[in-house]
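K.L.:
Structure supplied as structure-v7.tsv; contents: TSV, C-alpha atoms and all ligand atoms.
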```tsv
chain	number	residue	atom	x	y	z
A	687	MET	CA	26.46	-11.02	-3.93
A	688	ILE	CA	22.84	-11.84	-4.79
A	689	PRO	CA	20.93	-8.64	-5.47
A	690	PHE	CA	17.20	-8.51	-4.84
A	691	LEU	CA	16.49	-7.69	-8.47
A	692	ASP	CA	19.15	-7.00	-11.10
A	693	LEU	CA	17.27	-4.92	-13.66
A	694	LYS	CA	20.34	-4.23	-15.72
A	695	LYS	CA	20.96	-7.95	-16.17
A	696	ILE	CA	17.27	-8.66	-16.83
A	697	ASN	CA	17.07	-6.11	-19.64
A	698	ALA	CA	20.48	-7.13	-20.99
A	699	LEU	CA	18.90	-10.51	-21.87
A	700	HIS	CA	17.08	-8.81	-24.73
A	701	ALA	CA	19.15	-5.66	-25.16
A	702	ASP	CA	19.79	-5.90	-28.90
A	703	GLU	CA	16.15	-6.55	-29.72
A	704	ILE	CA	14.99	-3.77	-27.37
A	705	LYS	CA	17.43	-1.30	-28.90
A	706	GLY	CA	16.29	-2.28	-32.39
A	707	ALA	CA	12.64	-1.76	-31.45
A	708	MET	CA	13.42	1.62	-29.88
A	709	ALA	CA	15.42	2.70	-32.93
A	710	ALA	CA	12.44	1.84	-35.14
A	711	VAL	CA	10.22	4.11	-33.05
A	712	ILE	CA	12.76	6.93	-33.19
A	713	ASP	CA	12.97	6.60	-36.97
A	714	SER	CA	9.17	6.43	-37.34
A	715	GLY	CA	8.58	9.97	-36.12
A	716	TRP	CA	5.54	8.80	-34.05
A	717	TYR	CA	6.13	8.91	-30.32
A	718	VAL	CA	2.70	9.14	-28.72
A	719	ARG	CA	-0.35	7.14	-29.84
A	720	GLY	CA	1.57	5.79	-32.80
A	721	LYS	CA	1.98	2.40	-34.43
A	722	ALA	CA	4.13	0.85	-31.70
A	723	LEU	CA	1.40	1.53	-29.14
A	724	ASP	CA	-1.26	0.06	-31.46
A	725	GLN	CA	0.88	-3.01	-31.90
A	726	PHE	CA	1.48	-3.48	-28.18
A	727	GLU	CA	-2.19	-3.01	-27.35
A	728	ARG	CA	-3.03	-5.77	-29.84
A	729	ASP	CA	-0.21	-8.01	-28.59
A	730	TYR	CA	-1.14	-7.58	-24.94
A	731	ALA	CA	-4.90	-8.02	-25.46
A	732	ALA	CA	-4.16	-11.26	-27.34
A	733	PHE	CA	-1.80	-12.41	-24.61
A	734	ILE	CA	-4.22	-11.65	-21.77
A	735	GLY	CA	-7.22	-12.88	-23.73
A	736	THR	CA	-9.42	-9.80	-23.74
A	737	GLN	CA	-10.99	-7.89	-26.59
A	738	HIS	CA	-9.44	-4.61	-25.55
A	739	CYS	CA	-6.22	-3.25	-24.15
A	740	VAL	CA	-5.73	0.47	-23.55
A	741	GLY	CA	-2.23	1.71	-22.71
A	742	VAL	CA	-2.08	4.29	-19.92
A	743	GLY	CA	0.65	6.12	-18.03
A	744	ASN	CA	1.07	3.76	-15.06
A	745	GLY	CA	-0.66	1.18	-12.90
A	746	LEU	CA	-2.15	3.65	-10.44
A	747	ASP	CA	-3.82	5.54	-13.29
A	748	ALA	CA	-5.06	2.26	-14.78
A	749	ILE	CA	-7.10	1.54	-11.61
A	750	ASP	CA	-8.17	5.15	-11.14
A	751	ILE	CA	-9.32	5.52	-14.76
A	752	ILE	CA	-11.27	2.24	-14.71
A	753	LEU	CA	-13.20	3.54	-11.69
A	754	ARG	CA	-13.71	6.99	-13.22
A	755	ALA	CA	-14.98	5.36	-16.40
A	756	TYR	CA	-17.52	3.39	-14.37
A	757	ILE	CA	-18.60	6.65	-12.73
A	758	GLN	CA	-18.84	8.27	-16.15
A	759	LEU	CA	-20.98	5.39	-17.39
A	760	GLY	CA	-23.32	5.67	-14.41
A	761	VAL	CA	-22.30	2.31	-12.94
A	762	MET	CA	-20.91	4.01	-9.84
A	763	THR	CA	-21.42	7.32	-8.07
A	764	PRO	CA	-18.84	9.25	-6.04
A	765	GLY	CA	-19.07	8.03	-2.44
A	766	ASP	CA	-19.75	4.43	-3.44
A	767	GLU	CA	-17.70	1.65	-1.90
A	768	VAL	CA	-15.11	-0.67	-3.36
A	769	ILE	CA	-14.01	-3.70	-1.34
A	770	VAL	CA	-10.23	-4.05	-1.54
A	771	PRO	CA	-7.71	-6.34	0.17
A	772	ALA	CA	-5.98	-4.59	3.06
A	773	ASN	CA	-2.75	-6.42	2.26
A	774	THR	CA	-1.74	-4.65	-0.93
A	775	PHE	CA	0.51	-1.98	-2.33
A	776	ILE	CA	-0.78	1.50	-1.50
A	777	ALA	CA	-1.71	2.27	-5.14
A	778	SER	CA	-4.73	-0.09	-5.05
A	779	VAL	CA	-6.18	2.09	-2.31
A	780	SER	CA	-5.01	5.54	-3.48
A	781	ALA	CA	-6.66	4.93	-6.84
A	782	ILE	CA	-10.04	4.27	-5.22
A	783	ILE	CA	-9.73	7.46	-3.19
A	784	HIS	CA	-8.54	9.50	-6.21
A	785	ALA	CA	-11.61	8.37	-8.11
A	786	GLY	CA	-13.87	9.71	-5.35
A	787	LEU	CA	-14.88	6.29	-4.03
A	788	ASN	CA	-14.39	4.72	-0.60
A	789	PRO	CA	-12.21	1.68	0.04
A	790	VAL	CA	-13.59	-0.98	2.38
A	791	PHE	CA	-10.82	-3.29	3.54
A	792	VAL	CA	-10.96	-7.05	3.68
A	793	ASP	CA	-8.30	-8.66	5.84
A	794	ALA	CA	-5.76	-11.14	4.50
A	795	ASP	CA	-5.94	-14.88	4.89
A	796	ALA	CA	-3.11	-15.75	7.28
A	797	ASP	CA	-1.99	-18.71	5.12
A	798	THR	CA	-2.18	-17.39	1.54
A	799	LEU	CA	-1.68	-13.69	2.47
A	800	LEU	CA	-4.29	-12.81	-0.18
A	801	LEU	CA	-7.77	-11.54	0.61
A	802	ASP	CA	-9.80	-13.78	2.91
A	803	GLN	CA	-12.81	-14.62	0.78
A	804	THR	CA	-14.80	-15.86	3.76
A	805	LYS	CA	-14.88	-12.31	5.18
A	806	LEU	CA	-16.50	-10.52	2.26
A	807	GLU	CA	-20.20	-10.73	3.02
A	808	PRO	CA	-20.23	-8.64	6.24
A	809	LEU	CA	-18.52	-5.79	4.37
A	810	LEU	CA	-21.40	-5.26	1.97
A	811	SER	CA	-23.54	-2.14	2.15
A	812	PHE	CA	-26.04	-0.54	-0.20
A	813	LYS	CA	-23.10	1.52	-1.52
A	814	THR	CA	-20.88	-1.43	-2.46
A	815	LYS	CA	-20.34	-1.36	-6.22
A	816	ALA	CA	-17.17	-3.35	-6.83
A	817	LEU	CA	-14.70	-5.86	-5.49
A	818	MET	CA	-11.09	-5.32	-6.38
A	819	ILE	CA	-8.87	-8.35	-6.15
A	820	VAL	CA	-5.09	-8.01	-6.12
A	821	HIS	CA	-2.98	-10.87	-7.44
A	822	LEU	CA	-0.37	-9.88	-4.89
A	823	TYR	CA	3.18	-11.27	-5.13
A	824	GLY	CA	2.15	-12.73	-8.53
A	825	LYS	CA	-0.37	-15.17	-7.04
A	826	CYS	CA	-3.84	-15.61	-8.48
A	827	ALA	CA	-6.46	-14.21	-6.08
A	828	TYR	CA	-9.43	-15.20	-8.25
A	829	SER	CA	-11.76	-18.09	-7.46
A	830	GLU	CA	-15.21	-19.31	-8.45
A	831	GLN	CA	-16.36	-18.18	-5.01
A	832	ILE	CA	-15.25	-14.62	-5.78
A	833	ARG	CA	-16.99	-14.66	-9.17
A	834	ASN	CA	-20.19	-15.95	-7.52
A	835	PHE	CA	-20.02	-13.31	-4.80
A	836	CYS	CA	-19.79	-10.54	-7.43
A	837	THR	CA	-22.59	-12.02	-9.51
A	838	LYS	CA	-24.85	-12.48	-6.50
A	839	TYR	CA	-24.45	-8.89	-5.31
A	840	HIS	CA	-24.16	-7.23	-8.75
A	841	LEU	CA	-20.62	-6.00	-8.15
A	842	LYS	CA	-18.02	-5.20	-10.77
A	843	LEU	CA	-14.97	-7.40	-10.37
A	844	ILE	CA	-11.78	-5.43	-10.94
A	845	GLU	CA	-8.37	-7.08	-11.01
A	846	ASP	CA	-5.20	-5.33	-9.93
A	847	ASN	CA	-2.80	-7.34	-12.06
A	848	ALA	CA	0.25	-5.13	-11.47
A	849	GLN	CA	2.24	-8.03	-9.99
A	850	ALA	CA	0.92	-11.02	-11.93
A	851	HIS	CA	1.46	-10.62	-15.68
A	852	GLY	CA	1.21	-14.06	-17.24
A	853	CYS	CA	-0.44	-15.77	-14.26
A	854	ARG	CA	-3.34	-18.10	-15.08
A	855	PHE	CA	-6.55	-19.43	-13.65
A	856	GLU	CA	-7.61	-22.70	-15.28
A	857	GLY	CA	-5.93	-21.71	-18.53
A	858	ARG	CA	-7.20	-18.12	-18.61
A	859	ARG	CA	-4.86	-15.28	-17.76
A	860	THR	CA	-5.30	-13.02	-14.78
A	861	GLY	CA	-6.38	-9.71	-16.27
A	862	SER	CA	-9.17	-11.47	-18.21
A	863	LEU	CA	-11.06	-12.92	-15.24
A	864	GLY	CA	-13.02	-9.91	-14.03
A	865	ASP	CA	-14.90	-7.02	-15.68
A	866	ALA	CA	-11.75	-4.92	-16.05
A	867	ALA	CA	-8.12	-5.20	-15.04
A	868	ALA	CA	-5.30	-2.78	-14.31
A	869	HIS	CA	-1.68	-3.54	-15.20
A	870	SER	CA	1.53	-1.74	-14.31
A	871	PHE	CA	4.70	-1.93	-16.38
A	872	TYR	CA	6.93	-0.26	-13.81
A	873	PRO	CA	10.48	-1.52	-14.52
A	874	GLY	CA	10.56	-3.94	-11.58
A	875	LYS	CA	7.35	-5.80	-12.49
A	876	ASN	CA	7.38	-9.18	-14.25
A	877	LEU	CA	6.62	-7.34	-17.50
A	878	GLY	CA	8.55	-4.13	-17.01
A	879	ALA	CA	9.17	-1.17	-19.30
A	880	LEU	CA	12.20	1.12	-19.18
A	881	GLY	CA	10.16	3.75	-17.37
A	882	ASP	CA	6.56	4.05	-16.25
A	883	GLY	CA	3.69	2.43	-18.07
A	884	GLY	CA	0.35	0.76	-17.52
A	885	ALA	CA	-2.68	-0.70	-19.25
A	886	VAL	CA	-6.33	-1.56	-18.83
A	887	THR	CA	-7.70	-4.79	-20.26
A	888	THR	CA	-11.40	-5.59	-20.62
A	889	ASP	CA	-14.00	-7.20	-22.87
A	890	ASP	CA	-16.36	-4.28	-22.24
A	891	THR	CA	-16.19	-2.09	-25.37
A	892	GLN	CA	-17.96	0.88	-23.81
A	893	LEU	CA	-15.65	0.80	-20.81
A	894	ALA	CA	-12.55	0.53	-23.03
A	895	GLU	CA	-13.66	3.54	-25.10
A	896	THR	CA	-14.34	5.58	-21.98
A	897	VAL	CA	-10.99	4.63	-20.45
A	898	ARG	CA	-9.23	5.60	-23.68
A	899	ALA	CA	-11.02	8.93	-23.73
A	900	ILE	CA	-10.35	9.78	-20.07
A	901	ALA	CA	-6.65	8.94	-20.51
A	902	ASN	CA	-6.43	11.37	-23.44
A	903	TYR	CA	-8.08	14.62	-22.27
A	904	GLY	CA	-11.55	13.15	-22.55
A	905	PHE	CA	-11.35	13.10	-26.33
A	906	HIS	CA	-13.56	10.55	-28.09
A	907	LYS	CA	-12.66	12.49	-31.23
A	908	LYS	CA	-9.61	14.72	-31.39
A	909	TYR	CA	-10.25	18.07	-29.65
A	910	TYR	CA	-13.83	17.10	-28.67
A	911	ALA	CA	-13.99	16.31	-24.97
A	912	ASP	CA	-17.27	14.65	-24.04
A	913	VAL	CA	-15.94	13.60	-20.66
A	914	GLU	CA	-13.47	15.20	-18.29
A	915	GLY	CA	-10.09	13.67	-18.93
A	916	ARG	CA	-6.42	13.89	-18.23
A	917	ASN	CA	-3.15	12.98	-19.89
A	918	SER	CA	-2.13	9.42	-18.99
A	919	ARG	CA	-0.76	7.62	-22.01
A	920	LEU	CA	1.65	4.78	-22.68
A	921	ASP	CA	4.26	6.22	-25.03
A	922	ASP	CA	5.46	4.40	-28.12
A	923	LEU	CA	9.03	3.88	-26.94
A	924	GLN	CA	7.79	2.00	-23.86
A	925	ALA	CA	5.20	0.14	-25.93
A	926	ALA	CA	7.92	-1.05	-28.31
A	927	VAL	CA	10.05	-2.27	-25.41
A	928	LEU	CA	7.06	-4.07	-23.93
A	929	SER	CA	6.19	-5.85	-27.19
A	930	VAL	CA	9.71	-7.30	-27.20
A	931	LYS	CA	9.68	-8.31	-23.55
A	932	LEU	CA	6.18	-9.79	-23.74
A	933	LYS	CA	7.50	-12.55	-26.03
A	934	TYR	CA	9.77	-13.79	-23.25
A	935	LEU	CA	7.40	-13.31	-20.33
A	936	ASP	CA	6.16	-16.91	-20.00
A	937	GLN	CA	9.69	-18.22	-20.24
A	938	GLU	CA	10.90	-15.74	-17.61
A	939	ASN	CA	8.01	-16.59	-15.31
A	940	GLU	CA	9.02	-20.27	-15.59
A	941	ARG	CA	12.46	-19.30	-14.29
A	942	ARG	CA	10.84	-17.48	-11.38
A	943	LYS	CA	8.78	-20.60	-10.64
A	944	ALA	CA	11.92	-22.73	-10.67
A	945	ILE	CA	13.60	-20.42	-8.14
A	946	ALA	CA	10.48	-20.54	-5.98
A	947	ALA	CA	10.45	-24.34	-6.16
A	948	VAL	CA	14.01	-24.41	-4.81
A	949	TYR	CA	12.98	-22.13	-1.93
A	950	ASP	CA	9.83	-24.18	-1.24
A	951	GLN	CA	11.82	-27.37	-1.14
A	952	HIS	CA	14.92	-26.29	0.75
A	953	ILE	CA	13.94	-23.62	3.25
A	954	SER	CA	13.35	-25.50	6.48
A	955	HIS	CA	14.10	-23.14	9.32
A	956	PRO	CA	11.82	-23.58	12.36
A	957	MET	CA	11.42	-19.82	12.78
A	958	ILE	CA	10.37	-19.22	9.19
A	959	ARG	CA	6.93	-19.76	7.72
A	960	LEU	CA	6.32	-20.01	3.98
A	961	PRO	CA	2.95	-18.80	2.66
A	962	LYS	CA	0.61	-21.49	1.36
A	963	ASN	CA	-0.91	-21.74	-2.09
A	964	ARG	CA	-4.41	-23.07	-2.60
A	965	VAL	CA	-4.51	-26.25	-4.68
A	966	GLY	CA	-4.13	-25.39	-8.35
A	967	GLN	CA	-3.45	-21.73	-7.58
A	968	ASP	CA	-1.03	-20.36	-10.18
A	969	HIS	CA	1.78	-18.08	-9.07
A	970	VAL	CA	4.27	-16.16	-11.23
A	971	TYR	CA	6.35	-15.05	-8.25
A	972	HIS	CA	6.75	-11.34	-8.73
A	973	LEU	CA	7.87	-11.68	-5.12
A	974	TYR	CA	8.74	-14.58	-2.85
A	975	PRO	CA	7.58	-13.58	0.64
A	976	ILE	CA	8.49	-15.43	3.81
A	977	LEU	CA	7.26	-14.72	7.33
A	978	THR	CA	9.36	-14.56	10.47
A	979	GLU	CA	9.25	-12.88	13.84
A	980	GLN	CA	13.00	-12.41	13.45
A	981	ARG	CA	12.71	-10.30	10.33
A	982	GLU	CA	15.17	-7.54	11.20
A	983	HIS	CA	17.81	-9.99	12.44
A	984	LEU	CA	17.37	-12.25	9.45
A	985	GLN	CA	17.59	-9.34	7.02
A	986	THR	CA	20.81	-8.06	8.60
A	987	TYR	CA	22.28	-11.57	8.68
A	988	LEU	CA	21.47	-12.17	5.00
A	989	GLU	CA	22.85	-8.78	4.03
A	990	LYS	CA	26.15	-9.74	5.70
A	991	GLN	CA	26.14	-12.97	3.65
A	992	GLY	CA	25.68	-10.92	0.47
A	993	ILE	CA	21.96	-11.60	0.02
A	994	GLN	CA	19.71	-8.62	-0.52
A	995	THR	CA	16.11	-8.74	0.71
A	996	LEU	CA	13.25	-6.22	0.84
A	997	ILE	CA	10.06	-5.75	2.86
A	998	HIS	CA	6.68	-5.70	1.05
A	999	TYR	CA	5.26	-3.71	2.73
A	1000	PRO	CA	6.27	-2.28	6.11
A	1001	VAL	CA	3.07	-0.22	6.54
A	1002	PRO	CA	-0.31	-1.40	5.23
A	1003	PRO	CA	-2.39	1.24	3.40
A	1004	HIS	CA	-4.91	1.64	6.24
A	1005	LYS	CA	-2.08	2.54	8.65
A	1006	GLN	CA	-0.35	5.07	6.39
A	1007	LYS	CA	-0.03	8.59	7.82
A	1008	CYS	CA	-1.78	10.04	4.78
A	1009	PHE	CA	-4.95	8.03	5.53
A	1010	PRO	CA	-5.89	8.96	9.14
A	1011	GLN	CA	-9.52	8.16	8.31
A	1012	PHE	CA	-8.67	4.43	8.38
A	1013	HIS	CA	-6.42	4.27	11.44
A	1014	HIS	CA	-9.24	2.97	13.65
A	1015	VAL	CA	-9.76	-0.05	11.38
A	1016	SER	CA	-8.33	-3.28	12.75
A	1017	LEU	CA	-7.09	-5.87	10.26
A	1018	PRO	CA	-4.99	-8.20	12.39
A	1019	ASN	CA	-3.68	-10.57	9.73
A	1020	THR	CA	-2.63	-7.75	7.43
A	1021	GLU	CA	-0.95	-5.93	10.32
A	1022	LYS	CA	0.95	-9.09	11.26
A	1023	ILE	CA	2.13	-9.61	7.68
A	1024	ALA	CA	3.47	-6.04	7.66
A	1025	ILE	CA	5.59	-6.86	10.72
A	1026	HIS	CA	6.78	-10.32	9.66
A	1027	GLU	CA	7.11	-10.27	5.87
A	1028	LEU	CA	10.49	-10.46	4.12
A	1029	SER	CA	10.89	-10.88	0.35
A	1030	LEU	CA	13.73	-13.08	-0.91
A	1031	PRO	CA	15.56	-12.37	-4.15
A	1032	ILE	CA	13.74	-13.77	-7.18
A	1033	SER	CA	14.17	-12.92	-10.84
A	1034	PRO	CA	14.59	-14.49	-14.26
A	1035	VAL	CA	18.37	-14.00	-14.12
A	1036	MET	CA	18.88	-16.02	-10.92
A	1037	THR	CA	20.14	-19.60	-11.17
A	1038	ASP	CA	19.01	-22.61	-9.15
A	1039	ASP	CA	22.41	-22.53	-7.47
A	1040	ASP	CA	21.82	-18.94	-6.38
A	1041	ALA	CA	18.48	-19.98	-4.89
A	1042	LEU	CA	20.03	-22.98	-3.17
A	1043	PHE	CA	22.68	-20.72	-1.67
A	1044	VAL	CA	19.97	-18.39	-0.35
A	1045	ALA	CA	17.98	-21.30	1.11
A	1046	GLN	CA	21.02	-22.87	2.77
A	1047	THR	CA	22.18	-19.54	4.17
A	1048	ILE	CA	18.69	-19.01	5.65
A	1049	ASN	CA	18.72	-22.48	7.20
A	1050	GLN	CA	21.99	-21.64	8.95
A	1051	PHE	CA	20.43	-18.61	10.63
A	1052	PHE	CA	20.27	-19.35	14.35
A	1101	LIG	C1	3.07	-1.47	-8.80
A	1101	LIG	C2	1.70	-1.62	-8.33
A	1101	LIG	C3	0.68	-0.71	-8.64
A	1101	LIG	C4	0.94	0.64	-9.25
A	1101	LIG	O1	1.63	0.64	-10.44
A	1101	LIG	P1	2.48	1.94	-10.86
A	1101	LIG	O2	2.77	1.66	-12.30
A	1101	LIG	O3	3.67	1.98	-10.00
A	1101	LIG	O4	1.59	3.11	-10.70
A	1101	LIG	C5	-0.62	-0.99	-8.26
A	1101	LIG	N1	-0.92	-2.10	-7.59
A	1101	LIG	C6	0.03	-3.00	-7.23
A	1101	LIG	C7	-0.38	-4.23	-6.49
A	1101	LIG	C8	1.36	-2.79	-7.59
A	1101	LIG	O5	2.28	-3.68	-7.21
```
Take the structure I supplied and represent it as structure tokens, if you would.
P.N.:
Amino acid sequence: MIPFLDLKKINALHADEIKGAMAAVIDSGWYVRGKALDQFERDYAAFIGTQHCVGVGNGLDAIDIILRAYIQLGVMTPGDEVIVPANTFIASVSAIIHAGLNPVFVDADADTLLLDQTKLEPLLSFKTKALMIVHLYGKCAYSEQIRNFCTKYHLKLIEDNAQAHGCRFEGRRTGSLGDAAAHSFYPGKNLGALGDGGAVTTDDTQLAETVRAIANYGFHKKYYADVEGRNSRLDDLQAAVLSVKLKYLDQENERRKAIAAVYDQHISHPMIRLPKNRVGQDHVYHLYPILTEQREHLQTYLEKQGIQTLIHYPVPPHKQKCFPQFHHVSLPNTEKIAIHELSLPISPVMTDDDALFVAQTINQFF
């Protein structure tokens, strides 16, 4: 049996160290905004390569609070537009709406499945204030072309790095490439906590301070709320776990890359298409998506062979029932991906033999 993602086994790799770090937090008496959080924020900022890291409650809040901070700072006004890839997890879009802004969808590139950067220009309006890129599946969505587009039109570049911790672009980490980045530490992510968690990274000191305030009742100073805030904090127990797991992230991503290399090399079924990577495009394989018109049959067949797969995602954000305002929008590539995508098992606890077994089983599908 090859599970899609064996979280128990993944965390067991570092169980003693994690338990030690959690025990230290318990003994410290500081559970919220304590030393373990300070330490993780320093560790993660150093890892990503930004001046600031602010822990928040989850990845959705990280995006939402970045946008609210920009509104607070006068960079954006409610009703402004944020260009966002249509092929993404719903949170990228919900956050924009929560913040009082309007998402404008850019379709996916049919080969890379990431945003099609040739389709950005026609989406601009006088209300466009930001471009959000999503390093979906763990693959870097950034490019010089995207940077130039944002510079040319004075847009903030926001990265949704929830699936790509540790990914690089020419040596720099994703999460340090734009003006601000949102990270999720949901347990299933490449850097996962033992519960919910998130962070914002940025070099912009004013933005970081505003994000920190909004995430803590709007307090710049304790009990003095200059801005309207909420409670969205990364607690010290999760921060301590994350500091431990961060040390092994690069190594674990290498294992994911090795699994992906086996899939790339050995999957050769005529009815299955593998997404393409642009030359030099780094990928930390949060997911390994394949495309097939026979998705349901293939999934059932693999399940019978003891291989668990998942679909990411069956309904794109603009077709969700909760967003009727976008149902008229047509984004053909994204809609096709939603029908044809199937994610194969990939994780740092899989062996090359496991991956070979998956590839060979797929090739025997008729
Ligand atoms: C997981 C995820 C989020 C949201 O993170 P949560 O911590 O679950 O709120 C946002 N964007 C993408 C692309 C994600 O995969």
K.L.:
Name the residues within 8 Å of (11.4, -12.1, -8.3), counting all atoms listed in the file in the file's coordinates, and put them as a VMD selection string.
P.N.:
chain A and resid 690 to 691 876 942 971 to 974 1030 to 1034
K.L.:
Please, which residues have at least one atom within 6 Å of an atom of ligand LIG 1101 (chain A), using all atoms listed in the file, listed as a list in words?
P.N.:
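Within the 6 Å cut-off, the matching residues are Asn744, Gly745, Leu746, Thr774, Phe775, Ala777, Ser778, Leu822, Asp846, Ala848, Gln849, Ser870, Phe871, Tyr872, Asp882, Gly883 and Gly884 of chain A.
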K.L.:
Have a look at A:Ile993, A:Leu935, A:Leu800, A:Ile1025 and name the one nearest to Cys853 (chain A); count only C-alpha atoms.
P.N.:
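Residue with the minimum atom-to-atom distance to Cys853 (chain A): A:Leu935.
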K.L.:
In Å, rounded to a single decimal, give me how far CA of Ser780 (chain A) is from CA of Met818 (chain A).
P.N.:
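Distance reported for this atom pair: 12.8 Å.
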K.L.:
So that I can see what lies close to Asp922 (chain A), please list as a ChimeraX atom specification the residues with an atom at most 8 Å from it, counting all atoms listed in the file and leaving out residues fewer than 2 positions away in the same chain.
P.N.:
/A:711,716-723,920,924-926
K.L.:
For Ile976 (chain A), which residue out of A:Ile696, A:Ala794, A:Leu932, A:Ile1048 is the nearest one, using all atoms listed in the file?
P.N.:
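Checking each of A:Ile696, A:Ala794, A:Leu932, A:Ile1048 against Ile976 (chain A), counting all atoms listed in the file, the winner is A:Ile1048.
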K.L.:
Would you compute the distance between CA of Gln892 (chain A) and CA of Ile769 (chain A)? Give it in Å to one decimal.
P.N.:
23.3 Å
K.L.:
Let me make sure I understand: among A:Ala946, A:Cys836, A:Leu753, A:Ile819, which one has the smallest atom-to-atom distance to Val897 (chain A) if we use only C-alpha atoms?
P.N.:
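For Val897 (chain A), the nearest of the given residues is A:Leu753.
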K.L.:
How far is it from CA of His851 (chain A) to CA of Val1001 (chain A), in Å with one decimal?
P.N.:
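Here the two named atoms are 24.6 Å from each other.
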K.L.:
So which one's closest to Leu880 (chain A), A:Val927, A:Ala707, A:Ala748, A:Ala701? Using all atoms listed in the file, please.
P.N.:
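Answer, going by the shortest atom-to-atom distance: A:Val927.
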K.L.:
Counting only C-alpha atoms, which residue out of A:Asp936, A:Asp702, A:Glu845, A:Asp1039 sits closest to His869 (chain A)?
P.N.:
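With only C-alpha atoms as the atom set, the closest residue is A:Glu845.
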